[in-house]
Amino acid sequence: MTHTTVGWHVELEFMEDEQQTRAVAMVRLPDGSEVRARGHANRHHTDSNQPRVGEEIAGARALNELAMQMLSKAHSEIDDASGRISHPIHV
């Protein structure tokens with residue numbers, strides 16, 4: 001059996017102000033395609049300003065959305081290759 005090592009490059013970028021953190025996640029696949037997703041976090045006005053926490057929440061939400069898009073992409077590719085409608089892929 002042959003084993004192939006494949007790498008994906010995932011990037012996260014954050015934009016922040018006093019009340020909101022926004023994140024954009026992007027993965028570059030070996031075929032050159034890119035998948036992008038967004039996430040956000042809002043700070044309640046009574047919470048202390050902790051940018052790292054906002055980044056973690058917004059980043060996790062962006063990565064979760066990215067994962068869902070990747071599952072949908074894989075599901076579509078399975079359908080295209082098999083010529084039939086398959087069962088949805090669940091996490």
# chains A, B, ... in the order shown; residues from 1 in each chain; ligands from 1

call {"tool": "residues_around", "arguments": {"residues": "range 57-69 of chain A", "least_positions_apart": "5", "cutoff": "6 Å", "atoms": "only C-alpha atoms", "output": "ChimeraX atom specification"}}
result
/A:22-23,25,37-41

call {"tool": "select_by_dssp", "arguments": {"residues": "chain A", "states": "alpha helix (DSSP H)", "output": "ChimeraX atom specification"}}
result
/A:51-82

call {"tool": "residues_around", "arguments": {"residues": "range 87-90 of chain A", "least_positions_apart": "5", "cutoff": "12 Å", "atoms": "only C-alpha atoms", "output": "list of chain:residue names"}}
result
A:Ala67, A:Met68, A:Gln69, A:Met70, A:Leu71, A:Ser72, A:Lys73, A:Ala74, A:His75, A:Ser76, A:Glu77, A:Ile78, A:Asp79

call {"tool": "write_last_selection", "arguments": {"atoms": "all heavy atoms", "output": "compact mmCIF listing (two decimals), in the first residue's frame"}}
result
# COMPACT_ATOMS: atom_id res chain seq x y z
N ALA A 67 -15.40 23.91 7.90
CA ALA A 67 -15.57 22.46 7.95
C ALA A 67 -16.88 22.04 7.30
O ALA A 67 -16.91 21.05 6.54
CB ALA A 67 -15.54 21.97 9.41
N MET A 68 -17.94 22.78 7.54
CA MET A 68 -19.23 22.44 6.94
C MET A 68 -19.17 22.59 5.42
O MET A 68 -19.73 21.77 4.68
CB MET A 68 -20.34 23.31 7.53
CG MET A 68 -20.55 23.07 9.03
SD MET A 68 -20.77 21.34 9.50
CE MET A 68 -22.32 20.98 8.72
N GLN A 69 -18.50 23.62 4.94
CA GLN A 69 -18.35 23.80 3.49
C GLN A 69 -17.53 22.66 2.88
O GLN A 69 -17.83 22.19 1.78
CB GLN A 69 -17.70 25.15 3.18
CG GLN A 69 -18.61 26.32 3.42
CD GLN A 69 -17.97 27.62 3.01
OE1 GLN A 69 -17.23 27.68 2.02
NE2 GLN A 69 -18.24 28.67 3.76
N MET A 70 -16.49 22.22 3.59
CA MET A 70 -15.67 21.12 3.09
C MET A 70 -16.48 19.82 3.04
O MET A 70 -16.35 19.05 2.09
CB MET A 70 -14.42 20.94 3.97
CG MET A 70 -13.45 22.10 3.90
SD MET A 70 -12.77 22.39 2.26
CE MET A 70 -11.97 20.83 1.96
N LEU A 71 -17.34 19.59 4.04
CA LEU A 71 -18.20 18.41 4.01
C LEU A 71 -19.17 18.47 2.83
O LEU A 71 -19.38 17.47 2.14
CB LEU A 71 -18.99 18.28 5.32
CG LEU A 71 -18.20 17.75 6.51
CD1 LEU A 71 -19.02 17.91 7.79
CD2 LEU A 71 -17.82 16.29 6.29
N SER A 72 -19.74 19.63 2.57
CA SER A 72 -20.65 19.79 1.43
C SER A 72 -19.92 19.56 0.12
O SER A 72 -20.44 18.92 -0.80
CB SER A 72 -21.28 21.18 1.44
OG SER A 72 -22.15 21.32 2.52
N LYS A 73 -18.69 20.09 0.03
CA LYS A 73 -17.88 19.91 -1.18
C LYS A 73 -17.60 18.42 -1.42
O LYS A 73 -17.77 17.91 -2.53
CB LYS A 73 -16.57 20.69 -1.04
CG LYS A 73 -15.65 20.64 -2.25
CD LYS A 73 -14.40 21.49 -1.95
CE LYS A 73 -13.45 21.62 -3.10
NZ LYS A 73 -13.03 20.37 -3.71
N ALA A 74 -17.22 17.71 -0.36
CA ALA A 74 -16.94 16.29 -0.47
C ALA A 74 -18.20 15.52 -0.86
O ALA A 74 -18.15 14.62 -1.71
CB ALA A 74 -16.38 15.75 0.85
N HIS A 75 -19.32 15.88 -0.27
CA HIS A 75 -20.59 15.22 -0.58
C HIS A 75 -20.93 15.40 -2.07
O HIS A 75 -21.31 14.44 -2.74
CB HIS A 75 -21.69 15.81 0.30
CG HIS A 75 -23.03 15.19 0.11
ND1 HIS A 75 -23.31 13.90 0.46
CD2 HIS A 75 -24.17 15.69 -0.40
CE1 HIS A 75 -24.57 13.64 0.17
NE2 HIS A 75 -25.12 14.71 -0.35
N SER A 76 -20.76 16.59 -2.58
CA SER A 76 -21.03 16.84 -4.00
C SER A 76 -20.10 16.05 -4.90
O SER A 76 -20.52 15.51 -5.93
CB SER A 76 -20.88 18.33 -4.31
OG SER A 76 -21.88 19.07 -3.65
N GLU A 77 -18.83 15.93 -4.50
CA GLU A 77 -17.87 15.17 -5.30
C GLU A 77 -18.20 13.68 -5.29
O GLU A 77 -18.03 13.00 -6.30
CB GLU A 77 -16.46 15.44 -4.80
CG GLU A 77 -16.01 16.87 -5.12
CD GLU A 77 -14.68 17.24 -4.49
OE1 GLU A 77 -14.05 16.39 -3.82
OE2 GLU A 77 -14.27 18.40 -4.67
N ILE A 78 -18.69 13.18 -4.16
CA ILE A 78 -19.10 11.77 -4.09
C ILE A 78 -20.27 11.55 -5.05
O ILE A 78 -20.29 10.58 -5.81
CB ILE A 78 -19.49 11.38 -2.65
CG1 ILE A 78 -18.24 11.34 -1.75
CG2 ILE A 78 -20.23 10.04 -2.62
CD1 ILE A 78 -18.56 11.25 -0.27
N ASP A 79 -21.26 12.45 -5.00
CA ASP A 79 -22.42 12.33 -5.89
C ASP A 79 -22.00 12.40 -7.35
O ASP A 79 -22.48 11.61 -8.17
CB ASP A 79 -23.45 13.43 -5.60
CG ASP A 79 -24.19 13.21 -4.30
OD1 ASP A 79 -24.03 12.14 -3.68
OD2 ASP A 79 -24.93 14.13 -3.88

call {"tool": "select_by_dssp", "arguments": {"residues": "chain A", "states": "strand (DSSP E or B)", "output": "PyMOL selection string"}}
result
chain A and resi 9-16+20-28+34-42

call {"tool": "write_last_selection", "arguments": {"atoms": "N, CA, C and O atoms", "output": "short mmCIF file (atom, residue, chain, number, x, y, z; two decimals), in the first residue's frame"}}
result
data_model
loop_
_atom_site.label_atom_id
_atom_site.label_comp_id
_atom_site.auth_asym_id
_atom_site.auth_seq_id
_atom_site.Cartn_x
_atom_site.Cartn_y
_atom_site.Cartn_z
N HIS A 9 -3.15 24.18 3.63
CA HIS A 9 -2.75 25.41 4.30
C HIS A 9 -4.00 26.18 4.68
O HIS A 9 -4.80 26.55 3.82
N VAL A 10 -4.19 26.40 5.98
CA VAL A 10 -5.34 27.13 6.48
C VAL A 10 -4.85 28.47 7.02
O VAL A 10 -3.88 28.53 7.77
N GLU A 11 -5.53 29.53 6.62
CA GLU A 11 -5.19 30.87 7.10
C GLU A 11 -6.38 31.46 7.84
O GLU A 11 -7.52 31.26 7.46
N LEU A 12 -6.09 32.17 8.92
CA LEU A 12 -7.11 32.90 9.67
C LEU A 12 -6.67 34.35 9.78
O LEU A 12 -5.52 34.62 10.12
N GLU A 13 -7.59 35.26 9.50
CA GLU A 13 -7.33 36.68 9.67
C GLU A 13 -8.42 37.26 10.55
O GLU A 13 -9.58 36.84 10.46
N PHE A 14 -8.06 38.23 11.38
CA PHE A 14 -9.00 38.83 12.32
C PHE A 14 -9.06 40.33 12.12
O PHE A 14 -8.05 40.98 11.87
N MET A 15 -10.28 40.87 12.27
CA MET A 15 -10.51 42.30 12.28
C MET A 15 -11.27 42.59 13.57
O MET A 15 -12.28 41.93 13.85
N GLU A 16 -10.78 43.55 14.35
CA GLU A 16 -11.38 43.79 15.66
C GLU A 16 -11.64 45.27 15.89
O GLU A 16 -10.92 46.13 15.39
N GLN A 20 -16.58 44.06 18.57
CA GLN A 20 -16.75 42.91 17.69
C GLN A 20 -15.42 42.41 17.15
O GLN A 20 -14.52 43.20 16.87
N THR A 21 -15.33 41.10 17.01
CA THR A 21 -14.20 40.47 16.33
C THR A 21 -14.76 39.68 15.16
O THR A 21 -15.71 38.91 15.31
N ARG A 22 -14.17 39.88 14.00
CA ARG A 22 -14.57 39.15 12.80
C ARG A 22 -13.37 38.31 12.35
O ARG A 22 -12.23 38.77 12.43
N ALA A 23 -13.64 37.12 11.88
CA ALA A 23 -12.59 36.23 11.41
C ALA A 23 -12.93 35.74 10.01
O ALA A 23 -14.10 35.53 9.68
N VAL A 24 -11.89 35.57 9.21
CA VAL A 24 -12.02 34.95 7.89
C VAL A 24 -11.05 33.77 7.88
O VAL A 24 -9.87 33.92 8.19
N ALA A 25 -11.57 32.59 7.53
CA ALA A 25 -10.74 31.40 7.41
C ALA A 25 -10.70 30.99 5.95
O ALA A 25 -11.69 31.11 5.23
N MET A 26 -9.54 30.53 5.52
CA MET A 26 -9.40 30.08 4.15
C MET A 26 -8.48 28.86 4.13
O MET A 26 -7.47 28.82 4.84
N VAL A 27 -8.87 27.87 3.33
CA VAL A 27 -8.03 26.70 3.14
C VAL A 27 -7.69 26.61 1.66
O VAL A 27 -8.54 26.82 0.80
N ARG A 28 -6.42 26.36 1.37
CA ARG A 28 -5.96 26.12 0.00
C ARG A 28 -5.76 24.62 -0.15
O ARG A 28 -5.00 24.00 0.58
N GLU A 34 -9.69 27.18 -3.41
CA GLU A 34 -9.74 27.77 -2.08
C GLU A 34 -11.18 27.75 -1.58
O GLU A 34 -12.11 27.93 -2.35
N VAL A 35 -11.33 27.53 -0.28
CA VAL A 35 -12.64 27.60 0.36
C VAL A 35 -12.50 28.62 1.49
O VAL A 35 -11.54 28.59 2.25
N ARG A 36 -13.47 29.56 1.56
CA ARG A 36 -13.43 30.63 2.56
C ARG A 36 -14.68 30.61 3.42
O ARG A 36 -15.76 30.26 2.94
N ALA A 37 -14.53 31.02 4.67
CA ALA A 37 -15.66 31.12 5.58
C ALA A 37 -15.41 32.26 6.57
O ALA A 37 -14.28 32.70 6.76
N ARG A 38 -16.49 32.72 7.18
CA ARG A 38 -16.41 33.83 8.13
C ARG A 38 -17.01 33.44 9.47
O ARG A 38 -17.88 32.58 9.54
N GLY A 39 -16.54 34.10 10.51
CA GLY A 39 -17.09 33.94 11.85
C GLY A 39 -17.01 35.27 12.58
O GLY A 39 -16.27 36.17 12.18
N HIS A 40 -17.77 35.42 13.64
CA HIS A 40 -17.74 36.66 14.39
C HIS A 40 -17.99 36.40 15.87
O HIS A 40 -18.50 35.34 16.25
N ALA A 41 -17.62 37.37 16.68
CA ALA A 41 -17.91 37.35 18.11
C ALA A 41 -18.22 38.78 18.53
O ALA A 41 -17.57 39.72 18.08
N ASN A 42 -19.22 38.93 19.38
CA ASN A 42 -19.59 40.24 19.90
C ASN A 42 -19.32 40.28 21.40
O ASN A 42 -19.68 39.34 22.11
#

call {"tool": "atom_distance", "arguments": {"atom1": "CA of Arg43 in chain A", "atom2": "CA of Glu55 in chain A"}}
result
11.0 Å

call {"tool": "residues_around", "arguments": {"residues": "Pro30 in chain A", "least_positions_apart": "6", "cutoff": "10 Å", "atoms": "only C-alpha atoms", "output": "list in words"}}
result
Val6, Gly7, Trp8 and His9 of chain A

call {"tool": "decode", "arguments": {"residues": "range 41-56 of chain A", "atoms": "all heavy atoms", "output": "compact mmCIF listing (two decimals), in the first residue's frame"}}
result
# COMPACT_ATOMS: atom_id res chain seq x y z
N ALA A 41 -17.62 37.37 16.68
CA ALA A 41 -17.91 37.35 18.11
C ALA A 41 -18.22 38.78 18.53
O ALA A 41 -17.57 39.72 18.08
CB ALA A 41 -16.71 36.82 18.90
N ASN A 42 -19.22 38.93 19.38
CA ASN A 42 -19.59 40.24 19.90
C ASN A 42 -19.32 40.28 21.40
O ASN A 42 -19.68 39.34 22.11
CB ASN A 42 -21.08 40.52 19.66
CG ASN A 42 -21.39 40.67 18.20
OD1 ASN A 42 -20.75 41.43 17.49
ND2 ASN A 42 -22.37 39.91 17.73
N ARG A 43 -18.70 41.37 21.85
CA ARG A 43 -18.42 41.53 23.28
C ARG A 43 -19.59 42.28 23.91
O ARG A 43 -20.00 43.33 23.42
CB ARG A 43 -17.12 42.32 23.49
CG ARG A 43 -16.74 42.45 24.96
CD ARG A 43 -15.37 43.08 25.12
NE ARG A 43 -15.34 44.46 24.72
CZ ARG A 43 -15.62 45.49 25.52
NH1 ARG A 43 -15.99 45.28 26.77
NH2 ARG A 43 -15.55 46.72 25.07
N HIS A 44 -20.11 41.71 24.98
CA HIS A 44 -21.16 42.40 25.73
C HIS A 44 -20.54 43.61 26.41
O HIS A 44 -19.39 43.55 26.88
CB HIS A 44 -21.78 41.45 26.77
CG HIS A 44 -23.01 42.00 27.40
ND1 HIS A 44 -22.97 42.79 28.52
CD2 HIS A 44 -24.30 41.87 27.06
CE1 HIS A 44 -24.20 43.13 28.85
NE2 HIS A 44 -25.03 42.57 27.98
N HIS A 45 -21.27 44.70 26.49
CA HIS A 45 -20.70 45.95 27.01
C HIS A 45 -20.24 45.84 28.47
O HIS A 45 -19.42 46.64 28.92
CB HIS A 45 -21.69 47.11 26.84
CG HIS A 45 -22.90 47.00 27.70
ND1 HIS A 45 -23.98 46.23 27.34
CD2 HIS A 45 -23.20 47.55 28.89
CE1 HIS A 45 -24.90 46.32 28.28
NE2 HIS A 45 -24.46 47.12 29.24
N THR A 46 -20.72 44.84 29.22
CA THR A 46 -20.28 44.69 30.61
C THR A 46 -19.06 43.77 30.74
O THR A 46 -18.48 43.69 31.82
CB THR A 46 -21.42 44.13 31.48
OG1 THR A 46 -21.81 42.85 30.98
CG2 THR A 46 -22.61 45.10 31.49
N ASP A 47 -18.67 43.10 29.66
CA ASP A 47 -17.50 42.21 29.69
C ASP A 47 -16.21 43.02 29.56
O ASP A 47 -16.18 44.06 28.90
CB ASP A 47 -17.55 41.19 28.55
CG ASP A 47 -18.67 40.18 28.72
OD1 ASP A 47 -19.17 40.02 29.86
OD2 ASP A 47 -19.05 39.55 27.71
N SER A 48 -15.15 42.50 30.18
CA SER A 48 -13.85 43.16 30.03
C SER A 48 -13.35 42.95 28.61
O SER A 48 -13.73 42.01 27.92
CB SER A 48 -12.84 42.59 31.04
OG SER A 48 -12.64 41.22 30.81
N ASN A 49 -12.48 43.84 28.16
CA ASN A 49 -11.94 43.77 26.79
C ASN A 49 -10.85 42.71 26.76
O ASN A 49 -9.76 42.92 27.27
CB ASN A 49 -11.41 45.14 26.38
CG ASN A 49 -11.04 45.18 24.92
OD1 ASN A 49 -11.35 44.26 24.16
ND2 ASN A 49 -10.37 46.24 24.51
N GLN A 50 -11.16 41.56 26.16
CA GLN A 50 -10.21 40.45 26.04
C GLN A 50 -10.15 40.03 24.57
O GLN A 50 -10.83 39.09 24.15
CB GLN A 50 -10.63 39.27 26.91
CG GLN A 50 -10.63 39.57 28.39
CD GLN A 50 -11.06 38.36 29.19
OE1 GLN A 50 -11.98 37.65 28.81
NE2 GLN A 50 -10.38 38.13 30.29
N PRO A 51 -9.34 40.71 23.78
CA PRO A 51 -9.29 40.42 22.34
C PRO A 51 -9.01 38.96 22.01
O PRO A 51 -9.57 38.42 21.06
CB PRO A 51 -8.17 41.32 21.82
CG PRO A 51 -8.09 42.42 22.82
CD PRO A 51 -8.45 41.80 24.14
N ARG A 52 -8.17 38.30 22.81
CA ARG A 52 -7.84 36.90 22.53
C ARG A 52 -9.08 36.02 22.58
O ARG A 52 -9.26 35.12 21.76
CB ARG A 52 -6.79 36.39 23.51
CG ARG A 52 -6.35 34.96 23.24
CD ARG A 52 -5.29 34.49 24.23
NE ARG A 52 -5.64 34.73 25.61
CZ ARG A 52 -6.47 33.95 26.34
NH1 ARG A 52 -7.03 32.89 25.79
NH2 ARG A 52 -6.73 34.23 27.59
N VAL A 53 -9.97 36.27 23.53
CA VAL A 53 -11.20 35.48 23.65
C VAL A 53 -12.08 35.70 22.43
O VAL A 53 -12.63 34.75 21.86
CB VAL A 53 -11.95 35.81 24.95
CG1 VAL A 53 -13.30 35.11 25.00
CG2 VAL A 53 -11.10 35.44 26.16
N GLY A 54 -12.20 36.95 21.99
CA GLY A 54 -12.97 37.24 20.79
C GLY A 54 -12.39 36.54 19.57
O GLY A 54 -13.14 36.02 18.73
N GLU A 55 -11.06 36.51 19.48
CA GLU A 55 -10.41 35.82 18.37
C GLU A 55 -10.71 34.32 18.41
O GLU A 55 -10.96 33.70 17.38
CB GLU A 55 -8.91 36.06 18.39
CG GLU A 55 -8.51 37.47 18.02
CD GLU A 55 -7.04 37.74 18.25
OE1 GLU A 55 -6.30 36.82 18.67
OE2 GLU A 55 -6.64 38.90 18.04
N GLU A 56 -10.66 33.74 19.60
CA GLU A 56 -10.92 32.30 19.72
C GLU A 56 -12.34 31.96 19.30
O GLU A 56 -12.57 30.99 18.58
CB GLU A 56 -10.66 31.85 21.16
CG GLU A 56 -9.19 31.87 21.53
CD GLU A 56 -8.95 31.67 23.01
OE1 GLU A 56 -9.92 31.68 23.80
OE2 GLU A 56 -7.78 31.54 23.40
